[in-house]
Each structure stands twice: as C-alpha cells, then as structure tokens.
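Visitor: Contents of coords-v4.cif (mmCIF, C-alpha atoms) are below:
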data_final
loop_
_atom_site.group_PDB
_atom_site.id
_atom_site.type_symbol
_atom_site.label_atom_id
_atom_site.label_comp_id
_atom_site.auth_asym_id
_atom_site.auth_seq_id
_atom_site.Cartn_x
_atom_site.Cartn_y
_atom_site.Cartn_z
ATOM 1 C CA MET A 1 105.421 12.766 44.835
ATOM 2 C CA ILE A 2 105.833 14.634 41.559
ATOM 3 C CA PRO A 3 102.502 15.374 39.822
ATOM 4 C CA TRP A 4 102.071 13.526 36.503
ATOM 5 C CA PHE A 5 101.776 16.700 34.418
ATOM 6 C CA VAL A 6 105.312 17.835 35.380
ATOM 7 C CA TRP A 7 106.646 14.939 33.268
ATOM 8 C CA LEU A 8 104.780 16.098 30.167
ATOM 9 C CA MET A 9 107.082 18.937 29.048
ATOM 10 C CA PRO A 10 110.404 17.013 29.191
ATOM 11 C CA ALA A 11 108.653 14.012 27.610
ATOM 12 C CA ALA A 12 107.493 16.270 24.763
ATOM 13 C CA PHE A 13 111.080 17.515 24.297
ATOM 14 C CA VAL A 14 112.357 13.918 24.147
ATOM 15 C CA ALA A 15 109.628 13.015 21.633
ATOM 16 C CA LEU A 16 110.534 16.039 19.472
ATOM 17 C CA GLY A 17 114.211 15.098 19.689
ATOM 18 C CA GLY A 18 113.281 11.582 18.577
ATOM 19 C CA VAL A 19 111.405 12.942 15.543
ATOM 20 C CA PHE A 20 114.429 15.035 14.503
ATOM 21 C CA ALA A 21 116.765 12.051 15.068
ATOM 22 C CA LEU A 22 114.612 9.899 12.788
ATOM 23 C CA GLU A 23 114.659 12.662 10.169
ATOM 24 C CA ALA A 24 118.469 12.878 10.388
ATOM 25 C CA VAL A 25 118.854 9.123 9.923
ATOM 26 C CA GLY A 26 116.351 9.154 7.029
ATOM 27 C CA LEU A 27 118.128 12.016 5.238
ATOM 28 C CA ARG A 28 121.520 10.283 5.543
ATOM 29 C CA ARG A 29 120.056 7.047 4.153
ATOM 30 C CA GLN A 30 118.401 8.955 1.307
ATOM 31 C CA GLY A 31 121.662 10.752 0.469
ATOM 32 C CA ARG A 32 123.535 7.454 0.193
ATOM 33 C CA ALA A 33 120.758 6.013 -2.010
ATOM 34 C CA TYR A 34 120.743 9.138 -4.234
ATOM 35 C CA ALA A 35 124.509 8.779 -4.757
ATOM 36 C CA ARG A 36 123.707 5.558 -6.657
ATOM 37 C CA TRP A 37 121.366 7.355 -9.105
ATOM 38 C CA PRO A 38 122.472 7.576 -12.748
ATOM 39 C CA VAL A 39 124.515 10.624 -13.672
ATOM 40 C CA ALA A 40 123.836 13.083 -16.504
ATOM 41 C CA SER A 41 126.056 15.903 -17.598
ATOM 42 C CA GLY A 42 124.659 19.322 -16.753
ATOM 43 C CA ARG A 43 125.471 23.021 -16.981
ATOM 44 C CA ILE A 44 125.264 25.752 -14.353
ATOM 45 C CA LEU A 45 122.771 28.418 -15.429
ATOM 46 C CA GLY A 46 123.407 30.828 -12.591
ATOM 47 C CA THR A 47 123.761 31.311 -8.871
ATOM 48 C CA ARG A 48 121.945 33.571 -6.437
ATOM 49 C CA ARG A 49 122.725 34.572 -2.880
ATOM 50 C CA ASP A 50 119.674 34.260 -0.629
ATOM 51 C CA VAL A 51 119.376 36.427 2.448
ATOM 52 C CA GLU A 52 116.728 35.752 5.069
ATOM 53 C CA LEU A 53 116.027 38.089 7.979
ATOM 54 C CA VAL A 54 114.601 36.488 11.103
ATOM 55 C CA GLU A 55 113.226 38.753 13.821
ATOM 56 C CA ASN A 56 115.284 38.281 16.971
ATOM 57 C CA ASN A 57 113.895 40.504 19.717
ATOM 58 C CA ASP A 58 112.657 43.990 20.434
ATOM 59 C CA ASP A 59 114.810 46.520 22.222
ATOM 60 C CA ARG A 60 112.510 48.775 24.226
ATOM 61 C CA ARG A 61 115.110 50.425 26.449
ATOM 62 C CA ASP A 62 114.200 53.912 25.275
ATOM 63 C CA GLY A 63 110.502 53.087 25.238
ATOM 64 C CA ARG A 64 110.419 52.813 21.424
ATOM 65 C CA ARG A 65 110.204 49.677 19.375
ATOM 66 C CA HIS A 66 113.442 48.672 17.635
ATOM 67 C CA GLU A 67 113.168 45.442 15.774
ATOM 68 C CA GLN A 68 116.361 43.435 15.592
ATOM 69 C CA TYR A 69 117.025 40.781 13.019
ATOM 70 C CA ASP A 70 119.395 37.859 12.603
ATOM 71 C CA THR A 71 120.639 37.487 9.046
ATOM 72 C CA PHE A 72 120.928 34.056 7.452
ATOM 73 C CA PHE A 73 122.632 33.337 4.137
ATOM 74 C CA GLY A 74 122.168 30.642 1.526
ATOM 75 C CA ALA A 75 122.975 30.062 -2.132
ATOM 76 C CA THR A 76 120.661 28.931 -4.922
ATOM 77 C CA VAL A 77 122.428 27.181 -7.791
ATOM 78 C CA SER A 78 120.368 26.745 -10.974
ATOM 79 C CA TYR A 79 121.433 24.058 -13.394
ATOM 80 C CA ALA A 80 120.132 22.406 -16.553
ATOM 81 C CA TYR A 81 120.540 18.830 -17.756
ATOM 82 C CA GLN A 82 119.085 16.448 -20.301
ATOM 83 C CA VAL A 83 117.688 12.946 -19.810
ATOM 84 C CA ALA A 84 116.418 10.929 -22.801
ATOM 85 C CA GLY A 85 116.402 14.047 -24.961
ATOM 86 C CA ARG A 86 114.252 16.084 -22.559
ATOM 87 C CA ASP A 87 115.435 19.267 -20.889
ATOM 88 C CA TYR A 88 115.238 19.586 -17.112
ATOM 89 C CA ARG A 89 116.201 22.241 -14.600
ATOM 90 C CA SER A 90 116.732 22.116 -10.876
ATOM 91 C CA THR A 91 118.130 24.036 -7.941
ATOM 92 C CA ARG A 92 118.518 21.092 -5.573
ATOM 93 C CA LEU A 93 122.012 20.556 -4.168
ATOM 94 C CA TYR A 94 121.353 17.775 -1.637
ATOM 95 C CA ALA A 95 118.621 15.774 0.117
ATOM 96 C CA GLY A 96 116.333 17.776 2.407
ATOM 97 C CA ARG A 97 115.589 21.465 2.554
ATOM 98 C CA PRO A 98 118.422 23.952 1.926
ATOM 99 C CA VAL A 99 120.270 24.939 5.097
ATOM 100 C CA LEU A 100 120.921 28.621 5.752
ATOM 101 C CA SER A 101 123.924 29.787 7.742
ATOM 102 C CA GLY A 102 124.555 32.791 9.960
ATOM 103 C CA SER A 103 127.778 33.392 8.055
ATOM 104 C CA PRO A 104 127.876 34.209 4.322
ATOM 105 C CA LYS A 105 131.037 32.105 3.873
ATOM 106 C CA ILE A 106 129.307 28.812 3.029
ATOM 107 C CA ALA A 107 126.987 30.527 0.533
ATOM 108 C CA GLU A 108 129.937 32.306 -1.095
ATOM 109 C CA ALA A 109 131.931 29.056 -1.281
ATOM 110 C CA THR A 110 128.969 27.320 -2.940
ATOM 111 C CA MET A 111 128.626 30.139 -5.482
ATOM 112 C CA ALA A 112 132.377 30.032 -6.208
ATOM 113 C CA LYS A 113 132.209 26.241 -6.653
ATOM 114 C CA TYR A 114 129.503 26.514 -9.329
ATOM 115 C CA PRO A 115 130.295 29.422 -11.676
ATOM 116 C CA PRO A 116 127.731 30.045 -14.462
ATOM 117 C CA GLY A 117 128.463 27.936 -17.550
ATOM 118 C CA ALA A 118 130.463 25.285 -15.660
ATOM 119 C CA SER A 119 129.842 21.614 -16.468
ATOM 120 C CA VAL A 120 128.563 19.481 -13.585
ATOM 121 C CA SER A 121 127.558 15.892 -12.892
ATOM 122 C CA VAL A 122 123.860 15.673 -12.098
ATOM 123 C CA PHE A 123 122.505 12.690 -10.142
ATOM 124 C CA TYR A 124 118.918 12.141 -11.333
ATOM 125 C CA ASN A 125 116.099 9.848 -10.282
ATOM 126 C CA PRO A 126 115.568 7.355 -13.138
ATOM 127 C CA ALA A 127 111.879 7.047 -12.152
ATOM 128 C CA ASN A 128 111.390 10.849 -12.205
ATOM 129 C CA PRO A 129 114.226 12.661 -14.005
ATOM 130 C CA ALA A 130 112.860 16.036 -12.788
ATOM 131 C CA GLU A 131 114.207 15.027 -9.373
ATOM 132 C CA ALA A 132 117.957 15.573 -9.318
ATOM 133 C CA MET A 133 120.820 16.884 -7.211
ATOM 134 C CA LEU A 134 124.477 17.807 -7.424
ATOM 135 C CA GLU A 135 125.773 16.724 -4.003
ATOM 136 C CA PRO A 136 123.917 13.611 -2.773
ATOM 137 C CA LEU A 137 126.555 12.985 -0.092
ATOM 138 C CA ASN A 138 126.280 16.504 1.347
ATOM 139 C CA PHE A 139 124.528 15.899 4.693
ATOM 140 C CA ALA A 140 123.963 19.561 5.650
ATOM 141 C CA SER A 141 120.223 19.068 6.127
ATOM 142 C CA ALA A 142 120.730 15.779 8.033
ATOM 143 C CA ASN A 143 123.317 17.441 10.295
ATOM 144 C CA LEU A 144 120.887 20.279 11.079
ATOM 145 C CA ALA A 145 118.217 17.710 12.016
ATOM 146 C CA LEU A 146 120.782 15.922 14.204
ATOM 147 C CA THR A 147 121.624 19.225 15.957
ATOM 148 C CA ALA A 148 117.917 19.804 16.603
ATOM 149 C CA ALA A 149 117.600 16.219 17.907
ATOM 150 C CA ILE A 150 120.403 16.831 20.411
ATOM 151 C CA GLY A 151 119.081 20.315 21.260
ATOM 152 C CA PHE A 152 115.601 19.057 22.128
ATOM 153 C CA GLY A 153 116.262 15.471 23.210
ATOM 154 C CA GLY A 154 119.325 16.198 25.405
ATOM 155 C CA PRO A 155 117.724 18.682 27.835
ATOM 156 C CA GLY A 156 114.493 16.630 27.824
ATOM 157 C CA LEU A 157 116.364 13.471 28.830
ATOM 158 C CA LEU A 158 118.343 15.378 31.469
ATOM 159 C CA VAL A 159 115.177 16.784 33.078
ATOM 160 C CA LEU A 160 113.494 13.347 32.959
ATOM 161 C CA LEU A 161 116.552 11.862 34.663
ATOM 162 C CA LEU A 162 116.516 14.551 37.375
ATOM 163 C CA LEU A 163 112.769 14.096 37.887
ATOM 164 C CA SER A 164 113.100 10.319 38.200
ATOM 165 C CA GLN A 165 115.889 10.755 40.772
ATOM 166 C CA ALA A 166 113.804 13.302 42.700
ATOM 167 C CA SER A 167 110.757 11.018 42.661
ATOM 168 C CA VAL A 168 112.848 8.106 44.009
ATOM 169 C CA ALA A 169 114.303 10.321 46.752
ATOM 170 C CA MET B 1 93.719 29.210 40.685
ATOM 171 C CA ILE B 2 90.862 30.831 38.765
ATOM 172 C CA ALA B 3 93.467 32.234 36.376
ATOM 173 C CA PHE B 4 94.791 28.704 35.723
ATOM 174 C CA CYS B 5 91.242 27.485 35.099
ATOM 175 C CA ILE B 6 90.597 30.325 32.631
ATOM 176 C CA VAL B 7 93.895 29.791 30.772
ATOM 177 C CA GLY B 8 93.291 26.018 30.663
ATOM 178 C CA SER B 9 89.766 26.539 29.326
ATOM 179 C CA VAL B 10 91.029 28.929 26.641
ATOM 180 C CA PHE B 11 93.612 26.340 25.522
ATOM 181 C CA LEU B 12 90.924 23.644 25.409
ATOM 182 C CA LEU B 13 88.665 25.935 23.354
ATOM 183 C CA LEU B 14 91.551 26.527 20.921
ATOM 184 C CA ALA B 15 92.068 22.739 20.755
ATOM 185 C CA LEU B 16 88.378 22.347 19.957
ATOM 186 C CA GLY B 17 88.662 24.910 17.127
ATOM 187 C CA CYS B 18 91.656 23.052 15.694
ATOM 188 C CA ALA B 19 89.824 19.728 15.988
ATOM 189 C CA GLN B 20 87.043 21.274 13.911
ATOM 190 C CA GLY B 21 89.760 22.139 11.347
ATOM 191 C CA ILE B 22 90.751 18.456 11.131
ATOM 192 C CA PHE B 23 87.194 17.488 10.190
ATOM 193 C CA HIS B 24 86.927 20.411 7.719
ATOM 194 C CA TRP B 25 90.050 19.326 5.786
ATOM 195 C CA LEU B 26 89.193 15.607 5.962
ATOM 196 C CA ARG B 27 85.709 16.302 4.603
ATOM 197 C CA LYS B 28 87.137 18.505 1.824
ATOM 198 C CA ALA B 29 89.616 15.742 0.870
ATOM 199 C CA HIS B 30 86.818 13.130 0.955
ATOM 200 C CA VAL B 31 84.459 15.199 -1.244
ATOM 201 C CA THR B 32 86.967 16.450 -3.825
ATOM 202 C CA SER B 33 88.730 13.104 -4.250
ATOM 203 C CA ARG B 34 85.389 11.873 -5.623
ATOM 204 C CA TRP B 35 85.219 14.608 -8.260
ATOM 205 C CA PRO B 36 85.462 13.419 -11.881
ATOM 206 C CA THR B 37 88.922 13.420 -13.441
ATOM 207 C CA VAL B 38 90.341 14.363 -16.823
ATOM 208 C CA PRO B 39 93.893 14.174 -18.161
ATOM 209 C CA GLY B 40 95.781 17.460 -18.110
ATOM 210 C CA LYS B 41 99.226 18.812 -18.891
ATOM 211 C CA VAL B 42 101.532 21.086 -16.894
ATOM 212 C CA THR B 43 102.030 24.285 -18.898
ATOM 213 C CA SER B 44 104.005 26.379 -16.416
ATOM 214 C CA SER B 45 107.665 26.988 -17.263
ATOM 215 C CA TRP B 46 110.779 26.261 -15.206
ATOM 216 C CA GLU B 47 110.139 29.693 -13.645
ATOM 217 C CA VAL B 48 108.257 27.624 -11.034
ATOM 218 C CA LEU B 49 111.738 27.269 -9.532
ATOM 219 C CA ASN B 50 111.710 31.049 -9.038
ATOM 220 C CA GLY B 51 108.269 31.203 -7.454
ATOM 221 C CA GLU B 52 105.922 31.161 -10.457
ATOM 222 C CA ARG B 53 102.724 29.224 -9.742
ATOM 223 C CA VAL B 54 102.203 25.761 -11.218
ATOM 224 C CA LYS B 55 99.817 25.991 -14.187
ATOM 225 C CA TYR B 56 98.044 23.146 -15.993
ATOM 226 C CA ASP B 57 95.685 22.819 -18.961
ATOM 227 C CA TYR B 58 92.680 20.531 -19.028
ATOM 228 C CA ALA B 59 89.444 20.245 -20.994
ATOM 229 C CA VAL B 60 85.922 19.420 -19.815
ATOM 230 C CA ASN B 61 83.149 18.875 -22.423
ATOM 231 C CA GLY B 62 85.340 20.394 -25.123
ATOM 232 C CA LYS B 63 86.017 23.580 -23.165
ATOM 233 C CA ARG B 64 89.621 24.296 -22.161
ATOM 234 C CA TYR B 65 90.580 25.469 -18.684
ATOM 235 C CA VAL B 66 93.769 26.545 -16.950
ATOM 236 C CA GLY B 67 94.192 25.400 -13.357
ATOM 237 C CA HIS B 68 96.544 26.665 -10.660
ATOM 238 C CA GLN B 69 95.429 24.750 -7.587
ATOM 239 C CA VAL B 70 97.809 21.934 -6.633
ATOM 240 C CA SER B 71 96.304 21.127 -3.227
ATOM 241 C CA TRP B 72 93.846 22.757 -0.826
ATOM 242 C CA GLY B 73 94.698 25.202 1.901
ATOM 243 C CA PRO B 74 96.661 28.416 2.351
ATOM 244 C CA ARG B 75 100.085 28.728 0.729
ATOM 245 C CA GLY B 76 103.296 29.898 2.310
ATOM 246 C CA GLY B 77 103.474 27.701 5.417
ATOM 247 C CA THR B 78 106.724 26.088 6.473
ATOM 248 C CA ALA B 79 105.225 22.641 5.820
ATOM 249 C CA ASP B 80 104.284 23.604 2.238
ATOM 250 C CA PRO B 81 106.266 22.167 -0.666
ATOM 251 C CA THR B 82 109.117 24.401 -1.804
ATOM 252 C CA CYS B 83 109.401 25.733 -5.376
ATOM 253 C CA GLN B 84 112.009 23.011 -5.971
ATOM 254 C CA GLU B 85 109.676 20.268 -4.722
ATOM 255 C CA LEU B 86 106.825 21.579 -6.927
ATOM 256 C CA ALA B 87 109.124 21.658 -9.985
ATOM 257 C CA GLU B 88 110.210 18.065 -9.288
ATOM 258 C CA LYS B 89 106.628 16.869 -9.068
ATOM 259 C CA TYR B 90 105.172 19.056 -11.825
ATOM 260 C CA PRO B 91 107.891 19.803 -14.399
ATOM 261 C CA PRO B 92 106.828 21.525 -17.652
ATOM 262 C CA GLY B 93 105.037 19.139 -20.011
ATOM 263 C CA ARG B 94 104.185 16.491 -17.401
ATOM 264 C CA GLU B 95 100.861 14.675 -17.915
ATOM 265 C CA VAL B 96 98.675 14.969 -14.805
ATOM 266 C CA THR B 97 95.281 13.824 -13.552
ATOM 267 C CA VAL B 98 93.003 16.782 -12.870
ATOM 268 C CA TYR B 99 90.103 16.538 -10.406
ATOM 269 C CA TYR B 100 87.432 19.111 -11.357
ATOM 270 C CA ASP B 101 84.207 20.286 -9.728
ATOM 271 C CA PRO B 102 81.386 18.912 -11.948
ATOM 272 C CA ALA B 103 79.177 21.890 -11.031
ATOM 273 C CA HIS B 104 81.931 24.415 -11.813
ATOM 274 C CA PRO B 105 84.651 22.843 -14.011
ATOM 275 C CA ALA B 106 86.934 25.889 -13.674
ATOM 276 C CA THR B 107 87.558 24.767 -10.085
ATOM 277 C CA ALA B 108 90.113 21.970 -10.135
ATOM 278 C CA VAL B 109 92.893 20.463 -8.083
ATOM 279 C CA LEU B 110 95.776 18.014 -8.630
ATOM 280 C CA GLN B 111 96.135 16.570 -5.114
ATOM 281 C CA PRO B 112 92.668 16.406 -3.516
ATOM 282 C CA ARG B 113 93.819 13.889 -0.886
ATOM 283 C CA ASN B 114 96.683 16.011 0.447
ATOM 284 C CA LEU B 115 96.139 15.857 4.201
ATOM 285 C CA ARG B 116 98.855 18.360 5.181
ATOM 286 C CA ASN B 117 96.310 20.836 6.591
ATOM 287 C CA ALA B 118 94.485 18.129 8.555
ATOM 288 C CA ALA B 119 97.836 16.981 9.977
ATOM 289 C CA MET B 120 98.766 20.552 10.992
ATOM 290 C CA SER B 121 95.347 20.980 12.647
ATOM 291 C CA ALA B 122 95.925 17.677 14.500
ATOM 292 C CA VAL B 123 99.335 18.864 15.763
ATOM 293 C CA PHE B 124 97.811 22.098 17.117
ATOM 294 C CA THR B 125 94.839 20.200 18.594
ATOM 295 C CA VAL B 126 97.221 17.985 20.563
ATOM 296 C CA ALA B 127 99.482 20.898 21.589
ATOM 297 C CA PHE B 128 96.644 23.150 22.787
ATOM 298 C CA GLY B 129 94.866 20.166 24.338
ATOM 299 C CA VAL B 130 97.950 19.156 26.349
ATOM 300 C CA PHE B 131 98.455 22.731 27.596
ATOM 301 C CA GLY B 132 94.760 22.991 28.505
ATOM 302 C CA VAL B 133 94.805 19.708 30.432
ATOM 303 C CA VAL B 134 98.039 20.648 32.241
ATOM 304 C CA PHE B 135 96.674 24.053 33.340
ATOM 305 C CA LEU B 136 93.406 22.513 34.532
ATOM 306 C CA ALA B 137 95.297 19.708 36.313
ATOM 307 C CA VAL B 138 97.476 22.273 38.125
ATOM 308 C CA ALA B 139 94.343 24.199 39.158
ATOM 309 C CA LEU B 140 92.633 21.010 40.419
ATOM 310 C CA ALA B 141 95.792 19.846 42.252
ATOM 311 C CA HIS B 142 95.969 23.148 44.138
ATOM 312 C CA ALA B 143 92.230 23.174 44.855
ATOM 313 C CA SER B 144 92.287 19.697 46.449
#
Reformat the file's structure so that it appears as structure tokens.
Guide:
Amino acid sequence: MIPWFVWLMPAAFVALGGVFALEAVGLRRQGRAYARWPVASGRILGTRRDVELVENNDDRRDGRRHEQYDTFFGATVSYAYQVAGRDYRSTRLYAGRPVLSGSPKIAEATMAKYPPGASVSVFYNPANPAEAMLEPLNFASANLALTAAIGFGGPGLLVLLLLSQASVA
Amino acid sequence: MIAFCIVGSVFLLLALGCAQGIFHWLRKAHVTSRWPTVPGKVTSSWEVLNGERVKYDYAVNGKRYVGHQVSWGPRGGTADPTCQELAEKYPPGREVTVYYDPAHPATAVLQPRNLRNAAMSAVFTVAFGVFGVVFLAVALAHAS
C-alpha cells in the first residue's frame, strides 16, 4: 500500500504541466487572433541586445566560492507607428513574454531583420492602439510554455503511472 | 521522526505567515478601492519602455499632484507587468482614473484591486502547507 502523500509530488508536476499546456494553447490562440488586427505602417527606432546572467551553481572544489553563470541572449526592437494621428511606440514582437536563448544567434538574426530606420507592418489592437506587435504568428513564447508543459507533465505522468502499477501489484 | 515533525511544523508556520499575507493584500485592496477618485492623465514618456516609472497628474481640491503608484506591493517580481505591458496600459497622454487617500491626497494608486500579491501569497500558502502536511504525515506514518 503506497501512502497517499507519495502521490502528491507527481500530481503537482502533472498539475503544473497542465497549467503550462493551457498557457501554450492560449498564446497560440491569441497569436492567431492578433494576426487579424489592423495594420499600420511603422518605423524601426533601434535595436538592443539583451544579456541576462543566471546563476548556475557554485564550484567549491578548492574550498573557495566561484559563482558560475549561464548567459541568455535576447533582442529588444523599438518601433514607432501612428494610429488616428497619434504617435505610439512599442517593443513587443509577439504574444507573451520575450523568450531568451542560450545562443546569441536568434537575437542577432532578429536585430539584422529590423535595422534602424526600416519600415515595418505593425499589427495594433483597434480597442487599444498602444498594444501592438510585429510578429503575431511567432509562437516562441507558446513553444516555451509547451516545452515546460512536457518537462513537468511528462515525468509527473510517468511517476503516477509507475505508482499506480506498483499499487496494483 | 522528530526532525520530520520540526520541518513539517516550520513549513506550516511559513504557510500561516503567507496566509496572513493574503488577508493583508485583500484588506488593502478592499480599503483603497473605496477611496475617492479623480480623473488623471499619464505624463510619463515612452521611456517607460526603457524602465522609467509610470507618472500621472491629478488634482484634488485644486491642488495638483504627481503619482507613481500603479498597484500595491513590491516591484521587480517575475509576476509583475513588464515595461512593455505598462506602456501598453498607460501610454503617454492616456486619461486614467486615480484613487487617492482622502486623508493624504498625495498617496494615490491606479489599480487598487490588483490582487497579484494576494494570489502569490495564496500560491506560497498552498505550497508550504502541502510540504508541511506531507512531512507531518510521514512522521505520523512512521510513529504508528
């Protein structure tokens, strides 16, 4: 007989995976809806490479603290556009929060795609023109949520399956 | 097993502290959402996209004030709105409704009902509570 509390941890992982799966589905739906927003012509104001350091682990082999970091790269693209004679600015590329990558290649490709001064099509929310984006069908954020859903939900389901088999046996 | 009991009790105490946080933020939202309101205007520039704080003008009894508070609670958490999200909601020139403290009109807020902090406290209450219950259950299972 497996105690009830042993089921809690894998169940929590499955629940977390479910939350991320719902987020992934929601972001994909939003992206498709945003692609139907009206389009204004805009201009790239500038681009910036973002670097984020995330502490990885401490190496204490020689008894001293050596902090190690993972480096993540992203690109911020600033653009301006006009709706009904009013000026707006934004840095949003797609639905969801910007996704950082362990490789600088994606950030560099984004910066190369949007050189300062270039003309772009801006998809804006007719109900709130301050809300806009350049790539509504870019599902980078949704794909990250899907990865997290698989990462949490998969092992959780596997452990639940093993536990249920063990409890039957 | 005493160690499990102690760890479980500590987790339950932490859950209790977080539960107190839920009531603190709910009470704050309840009280401030009943503050009087005046129309205001966002005066910050598009530099909000680069991290500048949202700024808004409002007037109470003929005296002008500049507010910075969008919602209650500490800034900088992962659940907080990004600069982009703030600029989308409060672009320069947008007309806003400002909730001000009648006893101290310089204290004002735009989103008094934002329950983000209460929700975060609830998440930690559940997490610590679950860990506390599991540790105590393990201790009791071994004791019996």
Visitor: So which residues get picked by the PyMOL selection byres ((chain A) within 8 of (chain B)) here, written as a list in words?
Guide: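 After applying the PyMOL selection byres ((chain A) within 8 of (chain B)), what remains is Phe5, Tyr88, Arg89, Ser90, Thr91, Arg92, Asn128, Ala130 and Glu131 of chain A.
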Visitor: Give me, please, the distance in Å between CA of Ala118 (chain B) and CA of Gly17 (chain B), quoted to one decimal.
Guide: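 About the pair CA of Ala118 (chain B) and CA of Gly17 (chain B): they are 12.4 Å apart.
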Visitor: What is the distance between CA of Val77 (chain A) and CA of Met111 (chain A), in Å to one decimal?
Guide: 7.2 Å
Visitor: Quick one: which residues end up in the PyMOL selection byres ((chain A and resi 56) around 7) for this structure, as an NGL selection string?
Guide: :A and (54-55 or 57 or 68-70)
Visitor: Hey, can I get the axis-aligned box for region 125-131 of chain A? All listed atoms, 4 Å padding on each side, centre and edge lengths in Å to one decimal, as lines of an AutoDock Vina configuration file.
Guide:
center_x = 113.7
center_y = 11.5
center_z = -11.7
size_x = 12.7
size_y = 17.0
size_z = 12.6
Visitor: Report the residues retrieved by the PyMOL selection byres ((chain A and resi 15-18) around 8) from the displayed file, expressed as a list in words.
Guide: Ala11, Ala12, Phe13, Val14, Val19, Phe20, Ala21, Leu22, Ala148, Ala149, Ile150, Gly151, Phe152, Gly153 and Gly154 of chain A
Visitor: What does the distance from CA of Glu135 (chain A) to CA of Ala33 (chain A) come to in Å, to one decimal?
Guide: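 Interatomic distance here is 12.0 Å.
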Visitor: Need the shell around Ala112 (chain A): protein/DNA/RNA residues with any atom at most 10 Å away, counting all atoms listed in the file. Skip same-chain ones fewer than 5 positions apart. Format as number ranges by chain?
Guide: A: 47, 106-107
Visitor: Export, as an mmCIF file, in the coordinates of the input, the selected residues with C-alpha atoms.
Guide:
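Output file out_7.cif follows:
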data_model
loop_
_atom_site.group_PDB
_atom_site.id
_atom_site.type_symbol
_atom_site.label_atom_id
_atom_site.label_comp_id
_atom_site.auth_asym_id
_atom_site.auth_seq_id
_atom_site.Cartn_x
_atom_site.Cartn_y
_atom_site.Cartn_z
ATOM 1 C CA THR A 47 123.761 31.311 -8.871
ATOM 2 C CA ILE A 106 129.307 28.812 3.029
ATOM 3 C CA ALA A 107 126.987 30.527 0.533
#
Visitor: Excluding region 139-142 of chain A and its own-chain neighbours fewer than 3 positions away, which residues fall within 10 Å of it when counting only C-alpha atoms? Please give them as a list in words.
Guide: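 So the residues in contact are Phe20, Ala21, Leu22, Glu23, Ala24, Val25, Gly26, Leu27, Arg28, Arg29, Gln30, Gly31, Arg32, Tyr94, Ala95, Gly96, Arg97, Pro98, Val99, Leu100, Glu135, Pro136, Ala145, Leu146, Thr147 and Ala148 of chain A.
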Visitor: Can you pull out the residues contacting Ala75 (chain A)? Cut-off 6 Å, using all atoms listed in the file, and skip same-chain residues under 3 positions away; I want them as a PyMOL selection string.
Guide: chain A and resi 48-50+107
Visitor: With distances taken over only C-alpha atoms, which of B:Leu26, B:Cys18, B:Val109, B:Ile2 is nearest to Val96 (chain B)?
Guide: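 Checking each of B:Leu26, B:Cys18, B:Val109, B:Ile2 against Val96 (chain B), counting only C-alpha atoms, the winner is B:Val109.
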